[in-house]
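Working notes, structure below.
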Amino acid sequence: MGSVDAANGSGKKPTVIFVLGGPGSGKGTQCAYIVEHYGYTHLSAGDLLRAEIKSGSENGTMIQNMIKEGKIVPSEVTIKLLQKAIQENGNDKFLIDGFPRNEENRAAFEKVTEIEPKFVLFFDCPEEEMEKRLLGRNQGREDDNIETIRKRFKVFLESSLPVIHYYEAKGKVRKINAAKPIEAVFEEVKAIFSPEAEKVKLNSCAIL
């Protein structure tokens, strides 16, 4: 299948940051801010799957049937969509949101793309706060009722925490206190991204 190289053909691998956080942790909002301030491209695994279904392709029909039957879409399917999005984008730095969802996703992503994330941005938010936010924003989403929210949170913890522990052992997790107001959370995010942005600027100016 071959590894993913940046679309500029330089053979340099793109920078990938995994963005993880439970439902209602506010990671979508923060991703939008990171895109705006630091020039990353935001890729949501869920959005890519939905777009593929909408396209009516053979692949999309297969994904739709699996979801209908309550099956989990195989890692390879999601990874191929992410890989294609990275290759076709032209940017060389990506936020991958809501993926990997579990250890199997993680191992498959690294194996297929030969990319290890630069780090994992983990929006850590207590269950009570997430519940409050999701119930408060109830925009007619049928999956935003208390039972479903608790189930989604439980699934997130069981499947995603092993991924976070794996990267923690490698010193690659940047944990953000996501219970704070949006602006305060972004201040924490900026503290992680700004030194990186400065380093790039300095290197490109060839300042020793």
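Scheme for the structure tokens: letters A, B, ... for chains in order shown; per-chain residue numbers from 1; ligand numbers from 1 in order shown.
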- Message: Give me, as a ChimeraX atom specification, the residues of chain A that a backbone DSSP run labels alpha helix (DSSP H).
- Response: /A:27-38,45-55,58-68,75-89,103-113,127-136,146-169,182-204
- Run DSSP on the backbone and give me the residues of chain A it puts in strand (DSSP E), as a list in words. Thr15, Val16, Ile17, Phe18, Val19, Leu20, Gly21, Thr41, His42, Leu43, Ser44, Lys93, Phe94, Leu95, Ile96, Asp97, Phe119, Val120, Leu121, Phe122, Phe123, Asp124, Val173, Arg174, Lys175, Ile176 and Asn177 of chain A
Write out the residues from the selection above, keeping C-alpha atoms, as a PDB file, in the first residue's frame.
ATOM      1  CA  THR A  15       3.298  15.966  10.508  1.00  0.00           C
ATOM      2  CA  VAL A  16       0.333  14.254  12.132  1.00  0.00           C
ATOM      3  CA  ILE A  17      -1.234  15.084  15.492  1.00  0.00           C
ATOM      4  CA  PHE A  18      -3.947  12.826  16.880  1.00  0.00           C
ATOM      5  CA  VAL A  19      -6.704  14.729  18.688  1.00  0.00           C
ATOM      6  CA  LEU A  20      -8.592  12.709  21.302  1.00  0.00           C
ATOM      7  CA  GLY A  21     -11.271  13.626  23.818  1.00  0.00           C
ATOM      8  CA  THR A  41      -5.552  20.797   8.087  1.00  0.00           C
ATOM      9  CA  HIS A  42      -8.307  19.246  10.211  1.00  0.00           C
ATOM     10  CA  LEU A  43      -9.315  15.702   9.250  1.00  0.00           C
ATOM     11  CA  SER A  44     -12.209  14.080  11.077  1.00  0.00           C
ATOM     12  CA  LYS A  93       0.565  19.098   8.766  1.00  0.00           C
ATOM     13  CA  PHE A  94      -2.661  17.491   9.910  1.00  0.00           C
ATOM     14  CA  LEU A  95      -4.874  17.207  12.953  1.00  0.00           C
ATOM     15  CA  ILE A  96      -6.592  13.821  12.913  1.00  0.00           C
ATOM     16  CA  ASP A  97      -9.672  14.125  15.063  1.00  0.00           C
ATOM     17  CA  PHE A 119       2.101  13.922  19.632  1.00  0.00           C
ATOM     18  CA  VAL A 120      -1.414  13.249  20.879  1.00  0.00           C
ATOM     19  CA  LEU A 121      -3.524  16.191  22.004  1.00  0.00           C
ATOM     20  CA  PHE A 122      -5.822  14.827  24.713  1.00  0.00           C
ATOM     21  CA  PHE A 123      -8.739  16.991  25.831  1.00  0.00           C
ATOM     22  CA  ASP A 124      -9.360  15.689  29.317  1.00  0.00           C
ATOM     23  CA  VAL A 173       0.719  12.922  25.163  1.00  0.00           C
ATOM     24  CA  ARG A 174      -0.103  16.606  25.670  1.00  0.00           C
ATOM     25  CA  LYS A 175      -2.984  16.665  28.143  1.00  0.00           C
ATOM     26  CA  ILE A 176      -5.295  19.690  28.188  1.00  0.00           C
ATOM     27  CA  ASN A 177      -7.735  20.513  30.987  1.00  0.00           C
TER      28      ASN A 177
END
- Query: atom CA of Ala178 of chain A and atom CA of Gly28 of chain A, how far apart in Å?
  - Reply: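 One can read the atom CA of Gly28 of chain A to atom CA of Ala178 of chain A distance as 11.7 Å.
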- Computed interatomic separation between atom CA of His37 of chain A and atom CA of Glu127 of chain A (Å):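 Result for atom CA of His37 of chain A versus atom CA of Glu127 of chain A: 28.9 Å, one decimal.
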Output as JSON lines one row per residue of segment 74-138 of chain A within 9 Å of segment 146-156 of chain A: the closest atom pair and its distance in Å to one decimal place, counting only C-alpha atoms, sorted by chain and residue number ascending.
{"residue": "A:Arg101", "atom": "CA", "partner": "A:Phe156", "partner_atom": "CA", "distance": 7.6}
{"residue": "A:Asn102", "atom": "CA", "partner": "A:Phe156", "partner_atom": "CA", "distance": 8.8}
{"residue": "A:Glu127", "atom": "CA", "partner": "A:Phe153", "partner_atom": "CA", "distance": 7.2}
{"residue": "A:Met130", "atom": "CA", "partner": "A:Ile149", "partner_atom": "CA", "distance": 8.5}
{"residue": "A:Glu131", "atom": "CA", "partner": "A:Ile149", "partner_atom": "CA", "distance": 6.7}
{"residue": "A:Leu134", "atom": "CA", "partner": "A:Ile149", "partner_atom": "CA", "distance": 7.7}
{"residue": "A:Leu135", "atom": "CA", "partner": "A:Ile146", "partner_atom": "CA", "distance": 7.4}
- Message: One decimal, in Å: what's the spacing between atom CA of Leu82 of chain A and atom CA of Arg133 of chain A?
- Response: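 Atom CA of Arg133 of chain A lies at a distance of 28.8 Å from atom CA of Leu82 of chain A.
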